[in-house]
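Peer 1: Just so it is clear, I am handing over structure-v6.txt, which has compact mmCIF, C-alpha atoms and all ligand atoms.
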# COMPACT_ATOMS: atom_id res chain seq x y z
CA MET A 76 15.00 51.26 -19.46
CA ALA A 77 11.67 49.56 -19.59
CA ARG A 78 8.69 48.81 -17.39
CA LEU A 79 8.17 45.06 -17.29
CA VAL A 80 5.41 42.86 -15.95
CA ILE A 81 6.72 39.37 -15.30
CA LYS A 82 4.12 36.65 -14.83
CA ILE A 83 5.30 33.57 -13.02
CA GLY A 84 3.07 30.51 -13.28
CA SER A 85 2.23 27.95 -10.60
CA ASN A 86 3.79 25.16 -12.64
CA ILE A 87 7.26 26.58 -12.32
CA LEU A 88 6.98 27.76 -8.71
CA ALA A 89 5.34 24.86 -6.96
CA ASP A 90 4.22 21.30 -7.25
CA LYS A 91 1.73 19.38 -5.21
CA LYS A 92 4.34 16.97 -3.85
CA SER A 93 6.92 19.40 -2.55
CA GLY A 94 4.89 22.63 -2.28
CA LEU A 95 6.75 25.85 -3.04
CA LYS A 96 10.10 25.48 -4.83
CA ILE A 97 12.27 27.87 -2.86
CA LYS A 98 15.29 27.34 -5.14
CA ARG A 99 13.27 28.35 -8.20
CA ILE A 100 12.08 31.52 -6.48
CA GLU A 101 15.71 32.30 -5.67
CA THR A 102 16.87 31.80 -9.25
CA ILE A 103 14.08 33.97 -10.63
CA SER A 104 14.64 36.65 -7.97
CA ASP A 105 18.34 36.72 -8.85
CA ASP A 106 17.48 37.19 -12.50
CA ILE A 107 14.90 39.91 -11.77
CA SER A 108 17.31 41.73 -9.43
CA ARG A 109 19.86 41.82 -12.22
CA ILE A 110 17.44 43.42 -14.66
CA CYS A 111 16.33 45.92 -11.99
CA ALA A 112 19.99 46.82 -11.47
CA LEU A 113 20.07 47.83 -15.16
CA GLY A 114 17.41 50.46 -14.39
CA ASN A 115 14.32 48.55 -15.47
CA GLU A 116 11.10 48.66 -13.43
CA VAL A 117 9.56 45.29 -12.64
CA LEU A 118 6.16 44.17 -11.42
CA ILE A 119 5.68 40.49 -10.69
CA VAL A 120 2.39 38.65 -11.08
CA SER A 121 2.92 35.44 -9.19
CA SER A 122 0.77 32.35 -8.89
CA GLY A 123 1.62 29.43 -6.65
CA ALA A 124 -0.32 30.35 -3.51
CA ILE A 125 -2.92 27.61 -3.77
CA THR A 126 -0.37 24.89 -4.53
CA ALA A 127 1.93 26.01 -1.73
CA GLY A 128 -0.97 26.16 0.71
CA MET A 129 -2.37 22.77 -0.35
CA LYS A 130 0.82 21.08 0.66
CA ARG A 131 0.84 22.88 4.06
CA LEU A 132 -2.78 21.89 4.73
CA GLY A 133 -2.10 18.29 3.76
CA PHE A 134 -4.10 18.12 0.51
CA VAL A 135 -2.63 15.63 -1.93
CA GLU A 136 -4.75 16.86 -4.83
CA LYS A 137 -6.07 20.33 -5.56
CA PRO A 138 -9.40 20.46 -3.69
CA SER A 139 -12.43 21.07 -5.85
CA GLU A 140 -14.41 22.89 -3.19
CA VAL A 141 -13.96 26.65 -3.51
CA ARG A 142 -13.62 27.32 0.25
CA LEU A 143 -10.79 24.77 0.48
CA LYS A 144 -8.99 26.36 -2.45
CA GLN A 145 -9.46 29.74 -0.79
CA ALA A 146 -8.12 28.46 2.53
CA SER A 147 -5.13 26.97 0.69
CA ALA A 148 -4.55 30.29 -1.06
CA ALA A 149 -4.60 32.18 2.26
CA VAL A 150 -2.05 29.80 3.80
CA GLY A 151 0.05 29.63 0.64
CA GLN A 152 0.13 33.36 -0.05
CA SER A 153 2.15 34.04 3.09
CA ILE A 154 4.51 31.15 2.30
CA LEU A 155 4.94 32.62 -1.19
CA MET A 156 5.59 36.16 0.04
CA SER A 157 7.98 35.02 2.71
CA ALA A 158 10.01 33.20 0.03
CA TYR A 159 10.07 36.28 -2.23
CA GLU A 160 10.93 38.53 0.72
CA LYS A 161 13.92 36.37 1.69
CA SER A 162 15.12 35.96 -1.89
CA PHE A 163 14.95 39.64 -2.80
CA ASN A 164 16.45 40.63 0.54
CA ARG A 165 19.67 38.96 -0.56
CA HIS A 166 19.84 41.66 -3.25
CA ASN A 167 18.60 44.49 -1.01
CA ARG A 168 15.49 44.76 -3.13
CA LYS A 169 12.21 45.80 -1.54
CA ILE A 170 8.99 44.05 -2.46
CA ALA A 171 5.29 44.61 -1.70
CA GLN A 172 2.29 42.31 -1.71
CA VAL A 173 -0.66 43.44 -3.82
CA LEU A 174 -3.78 41.27 -3.94
CA LEU A 175 -6.42 42.17 -6.50
CA THR A 176 -9.81 40.91 -7.57
CA ARG A 177 -11.42 41.48 -10.91
CA GLU A 178 -13.91 43.80 -9.19
CA ASP A 179 -11.00 46.02 -8.13
CA LEU A 180 -9.98 46.60 -11.71
CA SER A 181 -13.49 46.80 -13.21
CA ASN A 182 -14.52 49.62 -10.90
CA ARG A 183 -12.98 52.82 -12.27
CA LYS A 184 -12.24 54.35 -8.84
CA ARG A 185 -10.63 51.22 -7.44
CA TYR A 186 -8.77 50.74 -10.72
CA ILE A 187 -7.30 54.25 -10.48
CA ASN A 188 -6.41 53.59 -6.82
CA ALA A 189 -4.68 50.34 -7.71
CA LYS A 190 -2.83 52.05 -10.56
CA ASN A 191 -1.67 54.90 -8.31
CA THR A 192 -0.47 52.50 -5.64
CA LEU A 193 1.45 50.37 -8.14
CA LEU A 194 3.09 53.44 -9.68
CA THR A 195 3.94 54.80 -6.23
CA LEU A 196 5.59 51.50 -5.30
CA LEU A 197 7.66 51.65 -8.50
CA SER A 198 8.70 55.22 -7.68
CA PHE A 199 10.14 53.86 -4.39
CA ASN A 200 12.03 51.16 -6.29
CA VAL A 201 9.75 48.52 -4.81
CA ILE A 202 8.84 45.41 -6.80
CA PRO A 203 5.09 44.79 -6.43
CA VAL A 204 4.30 41.08 -6.19
CA ILE A 205 0.72 40.75 -7.36
CA ASN A 206 -1.67 37.85 -7.10
CA GLU A 207 -5.39 37.41 -7.32
CA ASN A 208 -7.05 37.83 -3.93
CA ASP A 209 -8.22 34.22 -4.03
CA THR A 210 -9.64 34.26 -0.51
CA VAL A 211 -12.44 36.62 -1.52
CA SER A 212 -12.63 35.86 -5.26
CA THR A 213 -15.39 33.46 -6.12
CA GLU A 214 -15.94 32.17 -9.64
CA GLU A 215 -18.03 35.03 -10.94
CA ILE A 216 -15.65 37.78 -9.85
CA LYS A 217 -12.45 35.96 -10.79
CA PHE A 218 -10.00 37.03 -13.49
CA GLY A 219 -10.02 33.43 -14.61
CA ASP A 220 -6.32 33.00 -14.20
CA ASN A 221 -3.21 35.01 -13.53
CA ASP A 222 -2.38 35.29 -17.24
CA GLN A 223 -5.37 37.62 -17.68
CA LEU A 224 -4.50 39.42 -14.44
CA ALA A 225 -0.95 39.98 -15.73
CA ALA A 226 -2.22 41.40 -19.04
CA LEU A 227 -4.56 43.78 -17.21
CA VAL A 228 -1.83 44.86 -14.81
CA ALA A 229 0.48 45.48 -17.77
CA GLY A 230 -2.20 47.67 -19.38
CA THR A 231 -2.95 49.43 -16.09
CA VAL A 232 0.64 50.50 -15.45
CA GLU A 233 1.28 51.13 -19.17
CA ALA A 234 4.08 48.59 -19.23
CA ASP A 235 6.44 48.20 -22.19
CA TRP A 236 6.75 44.47 -21.96
CA LEU A 237 4.82 41.50 -20.59
CA ILE A 238 6.99 38.46 -20.01
CA ILE A 239 5.20 35.23 -19.20
CA LEU A 240 7.40 32.60 -17.55
CA SER A 241 6.04 29.22 -18.41
CA ASP A 242 7.03 25.58 -17.89
CA VAL A 243 7.59 25.25 -21.64
CA ASP A 244 9.94 27.24 -23.87
CA GLY A 245 7.18 29.12 -25.65
CA LEU A 246 4.45 28.46 -28.19
CA TYR A 247 4.99 25.33 -30.29
CA THR A 248 3.46 24.31 -33.59
CA SER A 249 1.83 21.44 -31.67
CA ASP A 250 1.98 20.01 -28.15
CA PRO A 251 5.72 19.34 -27.54
CA THR A 252 4.98 16.80 -24.81
CA SER A 253 3.13 14.48 -27.16
CA ASN A 254 4.61 15.40 -30.53
CA ALA A 255 8.33 15.04 -31.22
CA ASP A 256 8.04 17.15 -34.40
CA ALA A 257 6.66 20.13 -32.53
CA GLU A 258 8.67 23.25 -33.33
CA LEU A 259 9.01 26.39 -31.28
CA ILE A 260 7.44 29.42 -32.97
CA ARG A 261 9.99 32.20 -32.57
CA GLU A 262 7.90 35.15 -33.55
CA VAL A 263 4.20 35.91 -33.84
CA THR A 264 3.18 39.10 -35.61
CA GLU A 265 -0.55 38.49 -35.37
CA ILE A 266 -2.62 36.26 -33.13
CA THR A 267 -4.72 34.60 -35.79
CA PRO A 268 -7.45 32.00 -35.17
CA GLN A 269 -4.82 29.46 -36.28
CA ILE A 270 -2.43 30.54 -33.50
CA GLU A 271 -5.31 30.35 -31.03
CA SER A 272 -6.18 26.86 -32.14
CA ILE A 273 -2.55 25.70 -31.88
CA ALA A 274 -2.56 26.96 -28.30
CA GLY A 275 -6.00 25.51 -27.65
CA ALA A 276 -4.63 22.04 -27.09
CA SER A 277 -3.11 23.17 -23.81
CA ARG A 278 -1.63 21.04 -21.14
CA SER A 279 -1.21 22.19 -17.60
CA GLY A 280 -0.68 20.56 -14.26
CA VAL A 281 -1.18 22.63 -11.13
CA GLY A 282 -1.73 25.96 -12.90
CA THR A 283 -5.06 27.07 -14.23
CA GLY A 284 -3.84 28.86 -17.34
CA GLY A 285 -2.34 26.65 -20.01
CA MET A 286 -1.06 27.98 -23.35
CA TYR A 287 -4.46 29.11 -24.63
CA SER A 288 -4.95 31.52 -21.75
CA LYS A 289 -1.43 32.84 -22.31
CA ILE A 290 -2.31 33.57 -25.92
CA LEU A 291 -5.50 35.38 -24.86
CA ALA A 292 -3.45 37.38 -22.36
CA ALA A 293 -0.87 38.16 -25.06
CA LYS A 294 -3.68 39.35 -27.32
CA LYS A 295 -4.89 41.80 -24.68
CA ALA A 296 -1.41 43.12 -23.97
CA LEU A 297 -0.70 43.52 -27.70
CA ALA A 298 -3.92 45.52 -28.09
CA TYR A 299 -2.43 48.00 -25.62
CA GLY A 300 0.73 48.10 -27.73
CA ILE A 301 2.72 46.08 -25.18
CA LYS A 302 5.16 43.51 -26.52
CA VAL A 303 4.92 40.02 -25.08
CA ASN A 304 7.29 37.09 -24.68
CA ILE A 305 6.42 33.61 -23.48
CA ILE A 306 9.63 32.02 -22.24
CA SER A 307 10.76 29.18 -20.04
CA GLY A 308 10.85 30.04 -16.37
CA LYS A 309 13.06 27.05 -15.66
CA LYS A 310 16.24 28.41 -17.24
CA SER A 311 18.41 30.54 -15.05
CA GLY A 312 19.41 33.94 -16.41
CA VAL A 313 16.73 33.82 -19.11
CA LEU A 314 15.29 37.26 -18.24
CA LYS A 315 18.67 38.97 -18.30
CA ARG A 316 19.39 37.42 -21.69
CA LEU A 317 16.03 38.48 -23.07
CA ILE A 318 16.43 42.05 -21.83
CA SER A 319 19.91 42.20 -23.34
CA GLY A 320 18.43 41.54 -26.75
CA LYS A 321 18.88 37.79 -27.09
CA HIS A 322 15.98 35.92 -28.57
CA GLU A 323 14.17 33.70 -26.04
CA GLY A 324 10.96 31.71 -26.39
CA THR A 325 8.14 33.14 -28.48
CA ALA A 326 8.01 36.88 -29.11
CA PHE A 327 4.69 38.56 -29.90
CA LEU A 328 5.05 41.92 -31.58
CA PRO A 329 2.44 44.62 -31.17
CA THR A 330 1.06 46.29 -34.26
CA ALA A 331 1.30 50.04 -34.66
CA LYS A 332 -2.41 50.38 -33.89
CA SER A 333 -2.98 50.24 -30.16
CA ILE A 334 -5.61 51.45 -27.74
CA ASN A 335 -4.92 53.77 -24.83
CA SER A 336 -5.05 52.77 -21.20
CA ARG A 337 -8.63 54.02 -20.70
CA LYS A 338 -9.95 52.16 -23.74
CA GLY A 339 -8.04 49.07 -22.63
CA TRP A 340 -9.72 49.34 -19.26
CA ILE A 341 -13.13 49.48 -20.96
CA ALA A 342 -12.30 46.57 -23.25
CA PHE A 343 -10.70 44.20 -20.78
CA ALA A 344 -11.30 45.22 -17.19
CA THR A 345 -14.93 46.26 -17.05
CA ARG A 346 -17.65 43.69 -16.59
CA PRO A 347 -20.57 44.26 -18.97
CA LYS A 348 -23.87 44.57 -17.13
CA GLY A 349 -26.05 44.28 -20.20
CA ALA A 350 -26.19 44.64 -23.96
CA LEU A 351 -27.53 46.95 -26.64
CA ILE A 352 -28.64 45.44 -29.94
CA LEU A 353 -27.75 47.80 -32.78
CA ASP A 354 -29.10 48.19 -36.29
CA ASP A 355 -26.80 47.96 -39.32
CA GLY A 356 -26.59 51.73 -39.79
CA ALA A 357 -25.35 52.25 -36.23
CA ILE A 358 -22.79 49.45 -36.59
CA LYS A 359 -21.45 51.04 -39.77
CA ALA A 360 -21.25 54.45 -38.07
CA LEU A 361 -19.37 52.96 -35.10
CA VAL A 362 -17.01 50.63 -36.93
CA LYS A 363 -16.36 52.43 -40.21
CA SER A 364 -16.77 56.10 -39.33
CA GLY A 365 -15.61 56.10 -35.70
CA LYS A 366 -18.86 57.72 -34.51
CA SER A 367 -20.58 57.68 -31.11
CA LEU A 368 -23.63 55.53 -30.46
CA LEU A 369 -26.88 57.48 -30.73
CA PRO A 370 -30.26 56.25 -29.45
CA SER A 371 -31.63 56.05 -33.00
CA GLY A 372 -29.42 53.04 -33.83
CA ILE A 373 -30.50 50.96 -30.83
CA LYS A 374 -33.07 48.26 -31.47
CA GLU A 375 -33.17 46.49 -28.12
CA VAL A 376 -31.86 46.73 -24.56
CA GLN A 377 -30.83 43.63 -22.62
CA GLY A 378 -30.18 43.47 -18.88
CA GLU A 379 -30.40 46.16 -16.24
CA PHE A 380 -27.69 48.74 -15.78
CA GLU A 381 -27.09 52.22 -14.47
CA ILE A 382 -25.38 55.27 -15.99
CA GLY A 383 -21.61 54.79 -16.11
CA GLU A 384 -21.74 51.00 -16.35
CA ALA A 385 -20.25 48.94 -19.15
CA VAL A 386 -22.39 47.22 -21.77
CA ARG A 387 -21.77 45.18 -24.87
CA CYS A 388 -22.97 46.33 -28.27
CA LEU A 389 -24.19 43.43 -30.39
CA ASP A 390 -25.58 43.06 -33.89
CA THR A 391 -28.95 41.42 -34.39
CA LYS A 392 -27.28 37.99 -34.58
CA GLY A 393 -25.63 38.48 -31.19
CA ILE A 394 -22.12 39.06 -32.57
CA LYS A 395 -20.03 41.35 -30.32
CA ILE A 396 -19.25 44.63 -32.06
CA ALA A 397 -18.12 46.95 -29.29
CA LYS A 398 -18.07 47.63 -25.59
CA GLY A 399 -18.69 50.94 -23.94
CA ILE A 400 -19.76 52.99 -20.94
CA VAL A 401 -23.35 54.23 -21.14
CA ASN A 402 -24.62 57.76 -20.53
CA TYR A 403 -28.12 56.48 -19.69
CA SER A 404 -29.59 53.66 -17.60
CA SER A 405 -31.17 50.60 -19.22
CA GLN A 406 -34.62 51.92 -18.24
CA ASP A 407 -34.01 55.23 -19.97
CA ILE A 408 -32.46 53.66 -23.07
CA SER A 409 -35.55 51.45 -23.42
CA LYS A 410 -37.58 54.64 -23.73
CA ILE A 411 -35.32 56.50 -26.17
CA LYS A 412 -34.17 53.61 -28.36
CA GLY A 413 -34.89 54.14 -32.05
CA LYS A 414 -35.51 57.86 -31.46
CA LYS A 415 -33.60 60.91 -32.66
CA SER A 416 -31.36 62.59 -30.08
CA HIS A 417 -33.31 65.86 -30.17
CA LEU A 418 -36.30 63.98 -28.72
CA ILE A 419 -34.41 62.70 -25.64
CA GLU A 420 -35.40 65.58 -23.39
CA GLN A 421 -39.01 65.47 -24.51
CA ILE A 422 -39.22 61.73 -23.73
CA LEU A 423 -37.21 61.54 -20.50
CA GLY A 424 -37.72 65.03 -19.14
CA PHE A 425 -33.93 65.54 -19.06
CA LYS A 426 -30.93 65.03 -21.28
CA TYR A 427 -27.37 64.11 -20.25
CA ALA A 428 -25.95 63.88 -23.76
CA ASP A 429 -26.92 63.27 -27.39
CA GLU A 430 -25.00 60.00 -27.35
CA VAL A 431 -25.91 56.84 -25.47
CA ILE A 432 -22.22 55.91 -25.62
CA HIS A 433 -19.70 58.59 -26.47
CA ARG A 434 -16.94 57.61 -28.87
CA ASP A 435 -14.28 58.19 -26.18
CA ASN A 436 -16.01 55.58 -24.01
CA LEU A 437 -16.43 53.04 -26.79
CA VAL A 438 -14.08 50.31 -27.97
CA ILE A 439 -14.47 48.34 -31.15
CA LEU A 440 -12.81 45.00 -30.45
CA ASP A 441 -13.25 41.38 -31.18
CA ILE A 442 -11.24 40.29 -28.19
CA LYS A 443 -12.72 38.15 -25.43
N1 LIG B 501 -4.00 32.79 -7.86
C1 LIG B 501 -3.67 31.40 -7.95
C2 LIG B 501 -2.56 31.03 -6.97
O1 LIG B 501 -1.80 31.85 -6.56
C3 LIG B 501 -3.18 30.98 -9.31
C4 LIG B 501 -4.04 31.26 -10.48
C5 LIG B 501 -3.33 30.77 -11.76
O2 LIG B 501 -2.59 29.80 -11.72
O3 LIG B 501 -3.52 31.37 -12.81
O4 LIG B 501 -2.41 29.91 -6.60
Could you write out this structure as structure tokens?
Ligand code: GLU
Peer 2:
Amino acid sequence: MARLVIKIGSNILADKKSGLKIKRIETISDDISRICALGNEVLIVSSGAITAGMKRLGFVEKPSEVRLKQASAAVGQSILMSAYEKSFNRHNRKIAQVLLTREDLSNRKRYINAKNTLLTLLSFNVIPVINENDTVSTEEIKFGDNDQLAALVAGTVEADWLIILSDVDGLYTSDPTSNADAELIREVTEITPQIESIAGASRSGVGTGGMYSKILAAKKALAYGIKVNIISGKKSGVLKRLISGKHEGTAFLPTAKSINSRKGWIAFATRPKGALILDDGAIKALVKSGKSLLPSGIKEVQGEFEIGEAVRCLDTKGIKIAKGIVNYSSQDISKIKGKKSHLIEQILGFKYADEVIHRDNLVILDIK
């Protein structure tokens, strides 16, 4: 028994000529129903709303104007859900629509609410069908694409497995559409810069993700200790085969070292409101000795932020070292930076803690 997040991309669910591909939704729903019947819990992250809505509104090409994309998403989302509802009904499976924005997951309270709702749905044997709330998401509050959303959802619900259904069989050594020698990579044990660059030459039609974003999503999920597969969403029965232990597509194996759900939330879901520039001693203490960040190691404060907000920790060259939740506002840190912790109260007139960022609220990561 496992908890699975299955991400279904626009490219396999819809195209701009015919809109939503009902047959494809049926095949995938059949496959998912079969793996649910084996006792597995499934959450779906589904794209396809914009493409389905475009067709209904008469757009031949994806509109570039945000409000038109948002209108398409609003129209398409109900087409999408109605197709899932009908398909899963054939198997007596209940589904639920969950629309999220990045803001929902970056705010701790809303994140906990979303997590509780998703877990409650699973406890009722309901399959949550999640999409970005495109109608209210503008560029700056967007996840970027549903690959990142799927990785964050997987981390949020502490999933065992993230399966990304793509229009290609997995990650290839080069672009299989333009290179006949391209070979499928069966297993990836570490997402190296080389793997990222292979995926960088991505091709994608109606979707926004491409292979590079799938690799970034895989990297996030792996950091949580969640295994990842990128497989073809065009083959029927592929999920059942994968769950039964057959090799499909590209498998990404998590390393033993993983971060917990809270640290994953800090690393991937929060939106940094500013930055702290650290001296070399502080960086060593953080990275090598696993210490908290004290005011004495801070050289400079960038941006404006309040207590409890996320910030980046950078070295003097601007390289990202860590991300964490601060115990003091930017204004207060500007006053105590470079000073010993025992002077905090004297300088500010109060003291919340010795640390500017406590170790438990700090993540050392080089992941975007
Ligand atoms: N949320 C978008 C949609 O449903 C898709 C975003 C993506 O393709 O990653 O159309």
Peer 1: Counting all atoms listed in the file, which protein, DNA or RNA residues come within 7 Å of ligand LIG 501 (chain B), given as a ChimeraX atom specification?
Peer 2: /A:84-85,121-126,148,152,206-207,209,220-222,282-284
Peer 1: Please produce a file of those selected residues containing C-alpha atoms, as an mmCIF file, in the coordinates of the input.
Peer 2:
data_model
loop_
_atom_site.group_PDB
_atom_site.id
_atom_site.type_symbol
_atom_site.label_atom_id
_atom_site.label_comp_id
_atom_site.auth_asym_id
_atom_site.auth_seq_id
_atom_site.Cartn_x
_atom_site.Cartn_y
_atom_site.Cartn_z
ATOM 1 C CA GLY A 84 3.070 30.510 -13.280
ATOM 2 C CA SER A 85 2.230 27.950 -10.600
ATOM 3 C CA SER A 121 2.920 35.440 -9.190
ATOM 4 C CA SER A 122 0.770 32.350 -8.890
ATOM 5 C CA GLY A 123 1.620 29.430 -6.650
ATOM 6 C CA ALA A 124 -0.320 30.350 -3.510
ATOM 7 C CA ILE A 125 -2.920 27.610 -3.770
ATOM 8 C CA THR A 126 -0.370 24.890 -4.530
ATOM 9 C CA ALA A 148 -4.550 30.290 -1.060
ATOM 10 C CA GLN A 152 0.130 33.360 -0.050
ATOM 11 C CA ASN A 206 -1.670 37.850 -7.100
ATOM 12 C CA GLU A 207 -5.390 37.410 -7.320
ATOM 13 C CA ASP A 209 -8.220 34.220 -4.030
ATOM 14 C CA ASP A 220 -6.320 33.000 -14.200
ATOM 15 C CA ASN A 221 -3.210 35.010 -13.530
ATOM 16 C CA ASP A 222 -2.380 35.290 -17.240
ATOM 17 C CA GLY A 282 -1.730 25.960 -12.900
ATOM 18 C CA THR A 283 -5.060 27.070 -14.230
ATOM 19 C CA GLY A 284 -3.840 28.860 -17.340
#
Peer 1: Mind listing whatever residues come within 8 Å of the point (-22.5, 55.6, -28.5)? Use all atoms listed in the file, file coordinates, and give them as JSON, numbers by chain.
Peer 2: {"A": [361, 366, 367, 368, 369, 370, 399, 401, 430, 431, 432, 433, 434, 436, 437]}
Peer 1: Could you state the separation of CA of Phe199 (chain A) and CA of Leu180 (chain A) in Å, given to one decimal place?
Peer 2: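 The value is 22.6 Å.
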Peer 1: Using all atoms listed in the file, which protein or nucleic acid residues come within 9 Å of Ala158 (chain A)? Drop anything in the same chain fewer than 4 positions from it, and give the result as a PyMOL selection string.
Peer 2: chain A and resi 95+97+100-101+153-154+162-163
Peer 1: For region 374-388 of chain A, please output as a list in words all residues within 9 Å (counting all atoms listed in the file; exclusion window: fewer than 6 positions along the same chain).
Peer 2: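 So the residues in contact are Ile341, Thr345, Arg346, Pro347, Lys348, Gly349, Ala350, Leu351, Ile352, Leu353, Asp354, Ile358, Ile394, Lys395, Ile396, Ala397, Lys398, Gly399, Ile400, Val401, Asn402, Tyr403, Ser404, Ser405, Gln406, Ile408, Ser409, Lys412 and Gly413 of chain A.
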Peer 1: Of the candidates A:Arg99, A:Lys184, A:Arg337, A:Lys426, which one gets nearest to Val232 (chain A) if we count only C-alpha atoms?
Peer 2: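 Residue with the minimum atom-to-atom distance to Val232 (chain A): A:Arg337.
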Peer 1: What is the distance between CA of Ser157 (chain A) and CA of Ile170 (chain A), in Å to one decimal?
Peer 2: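 Computing it gives 10.5 Å between the two atoms.
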Peer 1: What does the distance between CA of Val80 (chain A) and CA of Gly230 (chain A) come to in Å, to one decimal place?
Peer 2: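 Between these atoms lies a distance of 9.6 Å.
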Peer 1: With all atoms listed in the file as the basis for distance, which of A:Ser288, A:Thr330, A:Thr267, A:Ser241 is at the shortest distance from Ile305 (chain A)?
Peer 2: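 Comparing A:Ser288, A:Thr330, A:Thr267, A:Ser241 against Ile305 (chain A), the winner is A:Ser241.
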Peer 1: With only C-alpha atoms as the atoms that count, which of A:Ile411, A:Leu240, A:Leu227, A:Ile119 lies nearest to Gly285 (chain A)?
Peer 2: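 The shortest atom-to-atom distance to Gly285 (chain A) comes from A:Leu240.
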Peer 1: Which one is closest to Asn304 (chain A): A:Val173, A:Leu246, A:Ala229, A:Leu143? Count all atoms listed in the file.
Peer 2: A:Leu246
Peer 1: Around the point (-12.9, 40.3, -7.7) in the file's coordinates, collect all residues with an atom within 6 Å, using all atoms listed in the file, and return them as a VMD selection string.
Peer 2: chain A and resid 176 to 178 212 216 to 217
Peer 1: Neighbours of Val135 (chain A) within 10 Å (all atoms listed in the file; same-chain residues fewer than 3 positions away dropped), as a PyMOL selection string?
Peer 2: chain A and resi 91-92+126+129-130+132+138
Peer 1: Excluding same-chain residues fewer than 6 positions from Lys332 (chain A), what lies within 10 Å of it counting all atoms listed in the file, as a list in words?
Peer 2: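 Near Lys332 (chain A), the qualifying residues are Leu297, Ala298, Tyr299 and Gly300 of chain A.
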Peer 1: Applying 8 Å and all atoms listed in the file, which residues near Glu160 (chain A) remain after dropping the ones on its own chain fewer than 4 positions away? List them as a PyMOL selection string.
Peer 2: chain A and resi 156+164+169-170
